[in-house]
file run-v1.tsv (TSV, C-alpha atoms)
chain	number	residue	atom	x	y	z
R	1	ALA	CA	18.86	-2.48	9.55
R	2	SER	CA	17.32	-4.94	11.94
R	3	ARG	CA	16.64	-8.58	11.08
R	4	ALA	CA	14.00	-10.99	12.24
R	5	VAL	CA	15.46	-14.09	13.85
R	6	SER	CA	13.29	-17.18	13.85
R	7	THR	CA	13.43	-20.95	13.59
R	8	ARG	CA	11.06	-20.57	10.66
R	9	PRO	CA	12.12	-19.24	7.25
R	10	PRO	CA	13.07	-15.53	7.43
R	11	ALA	CA	10.20	-13.09	7.76
R	12	ALA	CA	9.04	-10.95	4.89
R	13	ARG	CA	10.96	-7.71	4.70
R	14	ALA	CA	10.88	-4.43	2.78
R	15	TYR	CA	13.00	-1.30	2.52
R	16	ILE	CA	12.13	2.22	1.37
R	17	ASP	CA	14.46	5.20	1.00
R	18	THR	CA	12.87	8.16	2.80
R	19	SER	CA	15.73	10.56	2.18
R	20	GLU	CA	13.87	12.23	-0.69
R	21	ILE	CA	10.67	13.14	1.18
R	22	ARG	CA	9.21	16.52	0.25
R	23	LEU	CA	5.89	17.72	1.59
R	24	GLY	CA	3.01	18.77	-0.59
R	25	PRO	CA	2.76	18.46	-4.37
R	26	ALA	CA	6.54	18.19	-4.77
R	27	MET	CA	6.75	15.23	-2.41
R	28	ALA	CA	8.91	12.35	-3.63
R	29	LEU	CA	9.52	9.17	-1.71
R	30	ALA	CA	11.64	6.44	-3.19
R	31	SER	CA	10.40	3.14	-1.89
R	32	ALA	CA	11.35	-0.47	-2.25
R	33	ALA	CA	10.33	-3.89	-1.09
R	34	VAL	CA	12.95	-6.56	-1.62
R	35	ALA	CA	13.44	-10.13	-0.41
R	36	THR	CA	16.35	-11.77	1.32
R	37	PRO	CA	16.99	-15.53	1.31
R	38	ALA	CA	18.67	-15.90	4.68
R	39	PRO	CA	20.14	-13.79	7.49
R	40	SER	CA	23.61	-14.23	5.97
R	41	TRP	CA	22.62	-12.34	2.79
R	42	ARG	CA	23.30	-8.64	3.16
R	43	ALA	CA	21.58	-6.01	1.05
R	44	THR	CA	24.03	-3.77	-0.77
R	45	ASN	CA	23.85	-0.47	-2.59
R	46	ARG	CA	20.91	0.70	-0.47
R	47	VAL	CA	18.82	-2.28	-1.49
R	48	GLY	CA	16.55	-3.58	1.22
R	49	GLU	CA	14.70	-6.79	1.80
R	50	ARG	CA	11.14	-8.03	1.73
R	51	VAL	CA	10.32	-11.67	1.36
R	52	GLY	CA	7.18	-13.59	2.12
R	53	MET	CA	8.89	-16.17	4.30
R	54	THR	CA	6.42	-17.36	6.90
R	55	PHE	CA	3.56	-19.83	6.77
R	56	SER	CA	1.40	-19.45	3.68
R	57	VAL	CA	-2.38	-19.45	3.75
R	58	ALA	CA	-4.02	-19.45	0.35
R	59	THR	CA	-7.40	-17.72	0.42
R	60	ARG	CA	-10.54	-17.68	-1.69
R	61	SER	CA	-12.79	-14.71	-2.25
R	62	ARG	CA	-15.78	-14.39	0.05
R	63	PRO	CA	-18.79	-12.10	-0.13
R	64	ARG	CA	-18.19	-8.49	0.85
R	65	ALA	CA	-20.23	-9.07	4.02
R	66	ALA	CA	-17.56	-11.47	5.23
R	67	ALA	CA	-14.90	-8.84	4.68
R	68	ARG	CA	-16.90	-6.35	6.74
R	69	ARG	CA	-17.31	-8.92	9.54
R	70	SER	CA	-13.54	-9.39	9.59
R	71	VAL	CA	-13.12	-5.62	9.90
R	72	ALA	CA	-15.46	-5.58	12.90
R	73	ALA	CA	-13.66	-8.52	14.52
R	74	ALA	CA	-10.27	-6.85	14.10
R	75	ALA	CA	-11.56	-3.62	15.59
R	76	SER	CA	-12.94	-5.35	18.68
R	77	SER	CA	-9.46	-6.31	19.90
R	78	SER	CA	-7.36	-3.51	18.45
R	79	GLU	CA	-5.87	-0.27	19.71
R	80	VAL	CA	-7.57	1.36	16.72
R	81	PRO	CA	-11.11	2.42	17.70
R	82	ALA	CA	-13.81	0.26	16.13
R	83	GLU	CA	-15.56	3.25	14.61
R	84	TYR	CA	-12.38	4.16	12.72
R	85	VAL	CA	-12.07	0.66	11.30
R	86	ALA	CA	-15.73	0.76	10.27
R	87	LEU	CA	-15.17	4.09	8.57
R	88	ALA	CA	-12.30	2.62	6.54
R	89	ALA	CA	-14.70	0.01	5.13
R	90	ASP	CA	-17.27	2.70	4.37
R	91	LEU	CA	-14.64	4.80	2.61
R	92	VAL	CA	-13.67	2.09	0.14
R	93	ASP	CA	-17.34	1.21	-0.39
R	94	ALA	CA	-18.05	4.85	-1.23
R	95	ALA	CA	-15.14	4.92	-3.65
R	96	ALA	CA	-16.25	1.67	-5.29
R	97	ARG	CA	-19.69	3.05	-6.09
R	98	ILE	CA	-17.97	5.64	-8.26
R	99	THR	CA	-14.96	3.81	-9.67
R	100	VAL	CA	-16.79	0.66	-10.79
R	101	LYS	CA	-19.38	2.77	-12.58
R	102	HIS	CA	-16.64	4.31	-14.73
R	103	PHE	CA	-14.45	1.24	-15.22
R	104	ARG	CA	-14.16	0.16	-18.87
R	105	THR	CA	-16.21	3.10	-20.09
R	106	PRO	CA	-15.08	6.01	-22.31
R	107	LEU	CA	-13.32	8.52	-20.07
R	108	GLU	CA	-11.78	11.92	-20.47
R	109	ILE	CA	-8.20	11.66	-19.24
R	110	ASP	CA	-6.29	14.65	-17.92
R	111	ASP	CA	-2.56	14.80	-17.26
R	112	LYS	CA	-1.38	16.17	-13.92
R	113	ASN	CA	1.75	18.26	-13.43
R	114	ASP	CA	3.84	15.11	-13.05
R	115	ALA	CA	2.40	13.74	-16.32
R	116	SER	CA	0.44	11.01	-14.52
R	117	PRO	CA	-3.17	10.53	-15.69
R	118	VAL	CA	-6.29	11.39	-13.70
R	119	THR	CA	-9.97	10.80	-14.47
R	120	ILE	CA	-13.36	11.84	-13.19
R	121	ALA	CA	-13.41	8.53	-11.29
R	122	ASP	CA	-10.26	9.45	-9.33
R	123	LYS	CA	-11.58	12.88	-8.45
R	124	GLY	CA	-15.11	11.78	-7.64
R	125	ALA	CA	-14.02	8.89	-5.43
R	126	GLU	CA	-11.62	11.03	-3.43
R	127	ALA	CA	-14.24	13.74	-2.96
R	128	ALA	CA	-16.69	11.14	-1.62
R	129	MET	CA	-14.13	9.77	0.83
R	130	ARG	CA	-13.13	13.22	2.06
R	131	ALA	CA	-16.77	14.10	2.67
R	132	LEU	CA	-17.27	11.00	4.84
R	133	VAL	CA	-14.23	11.75	7.00
R	134	ARG	CA	-15.26	15.39	7.47
R	135	GLU	CA	-18.78	14.32	8.42
R	136	ARG	CA	-17.83	11.70	11.01
R	137	PHE	CA	-14.51	12.88	12.40
R	138	PRO	CA	-13.92	16.55	11.58
R	139	THR	CA	-10.82	16.72	13.79
R	140	HIS	CA	-9.06	14.13	11.64
R	141	ALA	CA	-6.61	15.25	8.96
R	142	ILE	CA	-6.83	13.99	5.36
R	143	PHE	CA	-4.13	13.47	2.75
R	144	GLY	CA	-5.14	12.28	-0.70
R	145	GLU	CA	-3.51	12.03	-4.09
R	146	GLU	CA	-5.86	14.37	-5.90
R	147	GLU	CA	-6.47	17.17	-3.37
R	148	GLY	CA	-3.42	17.12	-1.11
R	149	ILE	CA	-3.44	17.62	2.66
R	150	GLU	CA	-6.22	19.03	4.80
R	151	LEU	CA	-5.73	19.37	8.54
R	152	GLY	CA	-8.54	18.62	10.95
R	153	GLU	CA	-10.45	21.21	12.93
R	154	GLY	CA	-8.08	23.30	15.02
R	155	GLY	CA	-5.11	22.08	12.97
R	156	SER	CA	-5.34	18.58	14.43
R	157	GLN	CA	-3.43	15.74	12.81
R	158	GLU	CA	-3.05	13.08	15.52
R	159	TRP	CA	-5.23	10.90	13.30
R	160	THR	CA	-4.61	11.31	9.57
R	161	TRP	CA	-6.45	9.50	6.78
R	162	VAL	CA	-4.31	8.83	3.72
R	163	PHE	CA	-5.98	7.53	0.60
R	164	ASP	CA	-5.53	6.90	-3.07
R	165	PRO	CA	-8.91	6.49	-4.79
R	166	ILE	CA	-7.40	4.61	-7.74
R	167	ASP	CA	-3.90	3.29	-7.25
R	168	GLY	CA	-3.01	2.21	-10.76
R	169	THR	CA	-4.86	4.75	-12.89
R	170	LYS	CA	-3.04	3.53	-16.01
R	171	SER	CA	-4.38	0.04	-15.38
R	172	PHE	CA	-7.83	1.53	-14.74
R	173	ILE	CA	-7.99	3.48	-17.99
R	174	THR	CA	-6.76	0.49	-20.03
R	175	GLY	CA	-9.33	-1.89	-18.55
R	176	LYS	CA	-7.01	-4.02	-16.41
R	177	PRO	CA	-8.64	-4.88	-13.04
R	178	LEU	CA	-5.43	-4.83	-11.01
R	179	TRP	CA	-5.84	-1.29	-9.69
R	180	GLY	CA	-7.14	-0.72	-6.19
R	181	THR	CA	-8.46	1.80	-3.69
R	182	LEU	CA	-6.08	2.39	-0.79
R	183	VAL	CA	-7.13	3.77	2.60
R	184	ALA	CA	-4.73	4.18	5.52
R	185	LEU	CA	-5.12	5.67	8.97
R	186	LEU	CA	-2.03	7.12	10.63
R	187	ARG	CA	-1.70	7.93	14.29
R	188	ASP	CA	1.03	10.48	14.92
R	189	GLY	CA	2.55	9.45	11.60
R	190	GLU	CA	2.44	5.68	12.13
R	191	PRO	CA	0.20	3.61	9.81
R	192	VAL	CA	-2.07	1.59	12.13
R	193	LEU	CA	-4.89	0.67	9.73
R	194	GLY	CA	-4.85	-0.16	6.04
R	195	VAL	CA	-7.37	-1.35	3.45
R	196	LEU	CA	-6.67	-2.42	-0.13
R	197	ASP	CA	-9.91	-2.84	-2.06
R	198	GLN	CA	-10.32	-4.20	-5.61
R	199	PRO	CA	-14.05	-3.72	-6.21
R	200	VAL	CA	-14.19	-5.32	-9.67
R	201	LEU	CA	-12.73	-8.61	-8.44
R	202	LYS	CA	-14.48	-8.10	-5.08
R	203	GLU	CA	-11.31	-8.61	-3.07
R	204	ARG	CA	-10.52	-6.67	0.08
R	205	TRP	CA	-7.39	-6.85	2.20
R	206	VAL	CA	-7.54	-5.40	5.72
R	207	GLY	CA	-4.64	-4.79	8.09
R	208	VAL	CA	-4.97	-3.44	11.63
R	209	LYS	CA	-1.98	-2.95	13.91
R	210	GLY	CA	-1.57	-5.91	16.25
R	211	GLN	CA	-4.06	-8.09	14.37
R	212	PRO	CA	-3.71	-10.75	11.64
R	213	SER	CA	-4.40	-9.39	8.17
R	214	THR	CA	-7.34	-10.74	6.21
R	215	LEU	CA	-8.48	-11.13	2.63
R	216	ASN	CA	-12.28	-11.14	2.35
R	217	GLY	CA	-12.57	-12.23	5.96
R	218	GLU	CA	-9.98	-15.03	5.88
R	219	ARG	CA	-6.68	-14.76	7.69
R	220	ILE	CA	-3.67	-14.59	5.35
R	221	ALA	CA	0.09	-15.01	5.69
R	222	THR	CA	3.17	-14.58	3.56
R	223	ARG	CA	4.70	-17.78	2.23
R	224	GLY	CA	8.02	-19.52	2.76
R	225	CYS	CA	10.92	-18.90	0.36
R	226	GLU	CA	14.27	-20.48	1.16
R	227	SER	CA	16.45	-18.43	-1.16
R	228	LEU	CA	16.42	-15.33	-3.29
R	229	GLY	CA	16.94	-17.57	-6.31
R	230	ASP	CA	13.52	-19.15	-5.67
R	231	ALA	CA	11.72	-15.83	-5.31
R	232	TYR	CA	9.06	-14.34	-7.58
R	233	LEU	CA	9.48	-10.56	-7.76
R	234	TYR	CA	6.93	-7.90	-8.68
R	235	SER	CA	7.41	-4.24	-9.56
R	236	THR	CA	4.92	-1.93	-11.24
R	237	THR	CA	7.31	-1.03	-14.06
R	238	PRO	CA	11.08	-1.17	-14.69
R	239	TYR	CA	10.93	2.49	-15.69
R	240	MET	CA	10.38	3.57	-12.08
R	241	PHE	CA	14.02	2.75	-11.35
R	242	GLU	CA	16.58	5.34	-12.36
R	243	GLY	CA	19.63	7.07	-10.96
R	244	ASP	CA	20.64	5.68	-7.57
R	245	ASN	CA	17.70	3.26	-7.58
R	246	LEU	CA	18.58	1.46	-10.80
R	247	THR	CA	21.72	-0.45	-9.81
R	248	PRO	CA	20.29	-1.84	-6.54
R	249	TYR	CA	17.17	-2.98	-8.35
R	250	LYS	CA	19.18	-4.75	-11.05
R	251	GLU	CA	21.32	-6.48	-8.42
R	252	VAL	CA	18.25	-8.03	-6.82
R	253	ALA	CA	16.31	-8.67	-10.05
R	254	LYS	CA	19.11	-10.71	-11.60
R	255	ARG	CA	19.19	-13.02	-8.56
R	256	VAL	CA	15.49	-13.87	-8.34
R	257	LYS	CA	13.77	-16.71	-10.13
R	258	VAL	CA	11.28	-14.57	-12.06
R	259	PRO	CA	11.00	-10.74	-12.17
R	260	MET	CA	7.52	-9.55	-13.21
R	261	PHE	CA	5.75	-6.22	-13.76
R	262	GLY	CA	2.37	-4.55	-13.92
R	263	CYS	CA	0.34	-5.06	-10.74
R	264	ASP	CA	0.46	-1.69	-8.96
R	265	CYS	CA	-0.87	-2.08	-5.38
R	266	TYR	CA	-2.32	-5.50	-6.23
R	267	ALA	CA	1.18	-7.01	-6.05
R	268	TYR	CA	1.32	-6.21	-2.33
R	269	GLY	CA	-1.95	-8.02	-1.83
R	270	LEU	CA	-0.50	-11.05	-3.61
R	271	LEU	CA	2.57	-10.88	-1.37
R	272	ALA	CA	0.45	-10.69	1.79
R	273	ALA	CA	-1.67	-13.64	0.65
R	274	GLY	CA	1.35	-15.83	-0.04
R	275	HIS	CA	1.31	-15.85	-3.85
R	276	CYS	CA	4.60	-14.06	-4.56
R	277	ASP	CA	7.73	-13.40	-2.55
R	278	LEU	CA	8.84	-9.82	-2.96
R	279	VAL	CA	7.91	-6.44	-4.33
R	280	ILE	CA	10.40	-3.73	-5.23
R	281	GLU	CA	9.17	-0.20	-5.91
R	282	ALA	CA	10.63	3.28	-6.22
R	283	ASP	CA	9.33	6.86	-6.36
R	284	LEU	CA	6.23	6.19	-4.28
R	285	LYS	CA	4.35	8.75	-2.21
R	286	PRO	CA	2.59	8.14	1.14
R	287	TYR	CA	-0.81	7.52	-0.46
R	288	ASP	CA	0.80	4.82	-2.62
R	289	TYR	CA	2.02	2.63	0.24
R	290	MET	CA	0.85	3.64	3.74
R	291	ALA	CA	-2.29	1.46	3.53
R	292	LEU	CA	-0.14	-1.51	2.57
R	293	VAL	CA	2.15	-1.37	5.61
R	294	PRO	CA	-0.33	-2.80	8.19
R	295	ILE	CA	-1.50	-5.39	5.66
R	296	ILE	CA	2.01	-6.72	5.00
R	297	LYS	CA	2.99	-6.63	8.68
R	298	GLY	CA	-0.21	-8.34	9.77
R	299	ALA	CA	0.49	-11.13	7.28
R	300	GLY	CA	3.94	-11.80	8.78
R	301	GLY	CA	5.93	-9.55	6.48
R	302	VAL	CA	8.27	-6.65	7.13
R	303	PHE	CA	7.88	-3.36	5.31
R	304	THR	CA	10.54	-0.66	5.79
R	305	ASP	CA	12.49	1.86	3.77
R	306	TRP	CA	15.60	0.85	1.82
R	307	LYS	CA	17.70	1.49	4.92
R	308	GLY	CA	15.53	-0.69	7.16
R	309	ARG	CA	13.69	2.15	8.88
R	310	GLU	CA	10.05	2.02	9.87
R	311	LEU	CA	7.70	3.88	7.55
R	312	ARG	CA	6.13	7.04	8.94
R	313	TRP	CA	4.71	10.22	7.49
R	314	GLU	CA	3.49	13.33	9.24
R	315	GLY	CA	1.86	16.12	7.30
R	316	SER	CA	2.39	19.70	8.34
R	317	ARG	CA	1.05	23.18	7.69
R	318	GLU	CA	3.96	23.65	5.29
R	319	ALA	CA	2.43	20.89	3.14
R	320	LEU	CA	-0.58	23.12	2.52

call {"tool": "encode", "arguments": {"input": "run-v1.tsv", "output": "structure tokens"}}
result
Amino acid sequence: ASRAVSTRPPAARAYIDTSEIRLGPAMALASAAVATPAPSWRATNRVGERVGMTFSVATRSRPRAAARRSVAAAASSSEVPAEYVALAADLVDAAARITVKHFRTPLEIDDKNDASPVTIADKGAEAAMRALVRERFPTHAIFGEEEGIELGEGGSQEWTWVFDPIDGTKSFITGKPLWGTLVALLRDGEPVLGVLDQPVLKERWVGVKGQPSTLNGERIATRGCESLGDAYLYSTTPYMFEGDNLTPYKEVAKRVKVPMFGCDCYAYGLLAAGHCDLVIEADLKPYDYMALVPIIKGAGGVFTDWKGRELRWEGSREAL
């Protein structure tokens, strides 16, 4: 695994184990984001590192218009075409019109094959996002949590949209506003654009490859953390760690200052904005984390698999 060398505190870092990738409905990707206090600390037992350890910029929420202006500004000087960045903003807006309408209302909840819950809000939001991509860029591929993978016209997949309409459905159905809509754009498998949108709190994180990440139009950065013992750690739930993942997680969790749970994708937004220091996760799929990679990197963090490898995902016809 590579390490960032700097005169500043160590850069934020994350690891994810990609050895368990399976395409299609059976896909499983163990992922982790873990902090390291200094270059001398070595991750063991396949544990990786991810610490917010650069300058911290605390941000306040701005109107949604400011977030859209920041998207346009990022696109103007990015290798990602401006119209793709604009579409990402439109996708989360389209999802929000559906998800917010159903939030904290009586919902019929179905259980998927993996026992995870799904609602009409999940399905409706994903359908709306897919329709927008097909309308504007029919050659682009789409991979979503609810409907799987769909290649672009002619089998194209150079550009692939990956989205999760409601990351944190359990939070959504219990009225906790820490779920989010995730939209990523991959080019040849590399995540180059990511949006995390929390429409109830009106907070939107945007990351574009090569550009500083923003929260509601304001530039953000991960914060300094001199040692693992000073770090605040987030994970969605301790029950996501089992088998080979459990011991590495425990080794890190017992060394941090405070281990916490229950934020889903929102924890990554807190990390990028400099409010916590590390996030450790396991058993994630591409739609759970691809949007977060450009956001973390653009805020000065590092986001890799548990072995220090860059995160990539390329769909295939076999995934159909």

call {"tool": "closest_residue", "arguments": {"input": "run-v1.tsv", "among": "R:Tyr266, R:Val256, R:Met240, R:Glu79", "to": "Ala282 in chain R", "atoms": "only C-alpha atoms"}}
result
R:Met240

call {"tool": "closest_atom_pairs", "arguments": {"input": "run-v1.tsv", "of": "range 141-229 of chain R", "to": "range 113-136 of chain R", "cutoff": "9 Å", "atoms": "all atoms listed in the file", "output": "tab-separated table"}}
result
residue	atom	partner	partner_atom	distance
R:Ala141	CA	R:Val133	CA	8.6
R:Ile142	CA	R:Arg130	CA	7.2
R:Gly144	CA	R:Glu126	CA	7.1
R:Glu145	CA	R:Glu126	CA	8.2
R:Glu146	CA	R:Lys123	CA	6.4
R:Glu147	CA	R:Glu126	CA	8.0
R:Gly152	CA	R:Arg134	CA	8.2
R:Trp161	CA	R:Val133	CA	8.1
R:Phe163	CA	R:Glu126	CA	7.8
R:Asp164	CA	R:Glu126	CA	7.4
R:Pro165	CA	R:Glu126	CA	5.5
R:Ile166	CA	R:Asp122	CA	5.8
R:Thr169	CA	R:Pro117	CA	6.6
R:Lys170	CA	R:Pro117	CA	7.0
R:Ile173	CA	R:Thr119	CA	8.4

call {"tool": "closest_residue", "arguments": {"input": "run-v1.tsv", "among": "R:Phe172, R:Leu270, R:Leu228, R:Gly243", "to": "His102 in chain R", "atoms": "all atoms listed in the file"}}
result
R:Phe172

call {"tool": "atom_distance", "arguments": {"input": "run-v1.tsv", "atom1": "CA of Val80 in chain R", "atom2": "CA of Gly274 in chain R"}}
result
25.6 Å

call {"tool": "residues_around", "arguments": {"input": "run-v1.tsv", "residues": "range 180-187 of chain R", "least_positions_apart": "5", "cutoff": "6 Å", "atoms": "only C-alpha atoms", "output": "number ranges by chain"}}
result
R: 158-167, 192-198, 290-291

call {"tool": "closest_residue", "arguments": {"input": "run-v1.tsv", "among": "R:Arg255, R:Arg104, R:Lys285, R:Lys307", "to": "Thr174 in chain R", "atoms": "all atoms listed in the file"}}
result
R:Arg104

call {"tool": "closest_residue", "arguments": {"input": "run-v1.tsv", "among": "R:Gly262, R:Ser227, R:Thr222, R:Ile280", "to": "Pro248 in chain R", "atoms": "only C-alpha atoms"}}
result
R:Ile280

call {"tool": "atom_distance", "arguments": {"input": "run-v1.tsv", "atom1": "CA of Gly300 in chain R", "atom2": "CA of Asp277 in chain R"}}
result
12.1 Å

call {"tool": "residues_near_point", "arguments": {"input": "run-v1.tsv", "point": "(-8.8, -5.1, 0.8)", "cutoff": "12 Å", "atoms": "all atoms listed in the file", "output": "ChimeraX atom specification"}}
result
/R:61-62,64,66-68,70-71,88-89,91-93,96,179-184,193-208,213-218,220,265-266,268-270,272-273,291-292,294-296

call {"tool": "axis_aligned_box", "arguments": {"input": "run-v1.tsv", "around": "range 208-219 of chain R", "padding_each_side": "4 Å", "output": "lines of an AutoDock Vina configuration file"}}
result
center_x = -7.1
center_y = -9.0
center_z = 9.3
size_x = 19.0
size_y = 20.1
size_z = 21.9

call {"tool": "closest_residue", "arguments": {"input": "run-v1.tsv", "among": "R:Ala94, R:Leu311, R:Val293, R:Leu107", "to": "Lys209 in chain R", "atoms": "all atoms listed in the file"}}
result
R:Val293

call {"tool": "atom_distance", "arguments": {"input": "run-v1.tsv", "atom1": "CA of Gly224 in chain R", "atom2": "CA of Pro238 in chain R"}}
result
25.5 Å

call {"tool": "closest_residue", "arguments": {"input": "run-v1.tsv", "among": "R:Asp90, R:Glu153, R:Glu314, R:Asp283", "to": "His140 in chain R", "atoms": "all atoms listed in the file"}}
result
R:Glu153

call {"tool": "build_atoms", "arguments": {"input": "run-v1.tsv", "residues": "range 219-244 of chain R", "atoms": "N, CA and C atoms", "output": "PDB file, in the coordinates of the input"}}
result
ATOM      1  N   ARG R 219      -8.029 -15.120   7.279  1.00  0.00           N
ATOM      2  CA  ARG R 219      -6.680 -14.760   7.690  1.00  0.00           C
ATOM      3  C   ARG R 219      -5.670 -15.163   6.612  1.00  0.00           C
ATOM      4  N   ILE R 220      -4.685 -14.320   6.373  1.00  0.00           N
ATOM      5  CA  ILE R 220      -3.670 -14.590   5.350  1.00  0.00           C
ATOM      6  C   ILE R 220      -2.278 -14.504   5.957  1.00  0.00           C
ATOM      7  N   ALA R 221      -1.301 -15.059   5.242  1.00  0.00           N
ATOM      8  CA  ALA R 221       0.090 -15.010   5.690  1.00  0.00           C
ATOM      9  C   ALA R 221       1.013 -15.090   4.482  1.00  0.00           C
ATOM     10  N   THR R 222       2.160 -14.462   4.598  1.00  0.00           N
ATOM     11  CA  THR R 222       3.170 -14.580   3.560  1.00  0.00           C
ATOM     12  C   THR R 222       3.697 -16.002   3.517  1.00  0.00           C
ATOM     13  N   ARG R 223       4.289 -16.399   2.395  1.00  0.00           N
ATOM     14  CA  ARG R 223       4.700 -17.780   2.230  1.00  0.00           C
ATOM     15  C   ARG R 223       6.203 -17.959   2.445  1.00  0.00           C
ATOM     16  N   GLY R 224       6.610 -19.206   2.587  1.00  0.00           N
ATOM     17  CA  GLY R 224       8.020 -19.520   2.760  1.00  0.00           C
ATOM     18  C   GLY R 224       8.788 -19.418   1.454  1.00  0.00           C
ATOM     19  N   CYS R 225      10.046 -18.988   1.531  1.00  0.00           N
ATOM     20  CA  CYS R 225      10.920 -18.900   0.360  1.00  0.00           C
ATOM     21  C   CYS R 225      12.341 -19.044   0.876  1.00  0.00           C
ATOM     22  N   GLU R 226      12.993 -20.160   0.535  1.00  0.00           N
ATOM     23  CA  GLU R 226      14.270 -20.480   1.160  1.00  0.00           C
ATOM     24  C   GLU R 226      15.441 -19.672   0.625  1.00  0.00           C
ATOM     25  N   SER R 227      15.326 -19.168  -0.608  1.00  0.00           N
ATOM     26  CA  SER R 227      16.450 -18.430  -1.160  1.00  0.00           C
ATOM     27  C   SER R 227      15.962 -17.385  -2.145  1.00  0.00           C
ATOM     28  N   LEU R 228      16.768 -16.374  -2.340  1.00  0.00           N
ATOM     29  CA  LEU R 228      16.420 -15.330  -3.290  1.00  0.00           C
ATOM     30  C   LEU R 228      16.265 -15.913  -4.693  1.00  0.00           C
ATOM     31  N   GLY R 229      17.020 -16.943  -4.999  1.00  0.00           N
ATOM     32  CA  GLY R 229      16.940 -17.570  -6.310  1.00  0.00           C
ATOM     33  C   GLY R 229      15.628 -18.284  -6.562  1.00  0.00           C
ATOM     34  N   ASP R 230      14.834 -18.517  -5.519  1.00  0.00           N
ATOM     35  CA  ASP R 230      13.520 -19.150  -5.670  1.00  0.00           C
ATOM     36  C   ASP R 230      12.390 -18.126  -5.693  1.00  0.00           C
ATOM     37  N   ALA R 231      12.732 -16.859  -5.537  1.00  0.00           N
ATOM     38  CA  ALA R 231      11.720 -15.830  -5.310  1.00  0.00           C
ATOM     39  C   ALA R 231      11.095 -15.299  -6.590  1.00  0.00           C
ATOM     40  N   TYR R 232       9.797 -15.012  -6.518  1.00  0.00           N
ATOM     41  CA  TYR R 232       9.060 -14.340  -7.580  1.00  0.00           C
ATOM     42  C   TYR R 232       8.910 -12.871  -7.186  1.00  0.00           C
ATOM     43  N   LEU R 233       9.392 -11.991  -8.047  1.00  0.00           N
ATOM     44  CA  LEU R 233       9.480 -10.560  -7.760  1.00  0.00           C
ATOM     45  C   LEU R 233       8.486  -9.775  -8.595  1.00  0.00           C
ATOM     46  N   TYR R 234       7.804  -8.825  -7.950  1.00  0.00           N
ATOM     47  CA  TYR R 234       6.930  -7.900  -8.680  1.00  0.00           C
ATOM     48  C   TYR R 234       7.406  -6.465  -8.514  1.00  0.00           C
ATOM     49  N   SER R 235       7.271  -5.687  -9.571  1.00  0.00           N
ATOM     50  CA  SER R 235       7.410  -4.240  -9.560  1.00  0.00           C
ATOM     51  C   SER R 235       6.364  -3.702 -10.537  1.00  0.00           C
ATOM     52  N   THR R 236       5.918  -2.479 -10.336  1.00  0.00           N
ATOM     53  CA  THR R 236       4.920  -1.930 -11.240  1.00  0.00           C
ATOM     54  C   THR R 236       5.478  -1.775 -12.653  1.00  0.00           C
ATOM     55  N   THR R 237       6.678  -1.222 -12.759  1.00  0.00           N
ATOM     56  CA  THR R 237       7.310  -1.030 -14.060  1.00  0.00           C
ATOM     57  C   THR R 237       8.816  -0.882 -13.874  1.00  0.00           C
ATOM     58  N   PRO R 238       9.630  -1.360 -14.818  1.00  0.00           N
ATOM     59  CA  PRO R 238      11.080  -1.170 -14.690  1.00  0.00           C
ATOM     60  C   PRO R 238      11.474   0.284 -14.863  1.00  0.00           C
ATOM     61  N   TYR R 239      10.593   1.095 -15.436  1.00  0.00           N
ATOM     62  CA  TYR R 239      10.930   2.490 -15.690  1.00  0.00           C
ATOM     63  C   TYR R 239      10.866   3.358 -14.436  1.00  0.00           C
ATOM     64  N   MET R 240      10.382   2.800 -13.315  1.00  0.00           N
ATOM     65  CA  MET R 240      10.380   3.570 -12.080  1.00  0.00           C
ATOM     66  C   MET R 240      11.759   3.610 -11.428  1.00  0.00           C
ATOM     67  N   PHE R 241      12.678   2.800 -11.919  1.00  0.00           N
ATOM     68  CA  PHE R 241      14.020   2.750 -11.350  1.00  0.00           C
ATOM     69  C   PHE R 241      14.983   3.543 -12.222  1.00  0.00           C
ATOM     70  N   GLU R 242      15.610   4.533 -11.647  1.00  0.00           N
ATOM     71  CA  GLU R 242      16.580   5.340 -12.360  1.00  0.00           C
ATOM     72  C   GLU R 242      17.541   5.960 -11.359  1.00  0.00           C
ATOM     73  N   GLY R 243      18.650   6.458 -11.844  1.00  0.00           N
ATOM     74  CA  GLY R 243      19.630   7.070 -10.960  1.00  0.00           C
ATOM     75  C   GLY R 243      20.135   6.095  -9.918  1.00  0.00           C
ATOM     76  N   ASP R 244      20.134   6.513  -8.658  1.00  0.00           N
ATOM     77  CA  ASP R 244      20.640   5.680  -7.570  1.00  0.00           C
ATOM     78  C   ASP R 244      19.810   4.426  -7.341  1.00  0.00           C
TER      79      ASP R 244
END
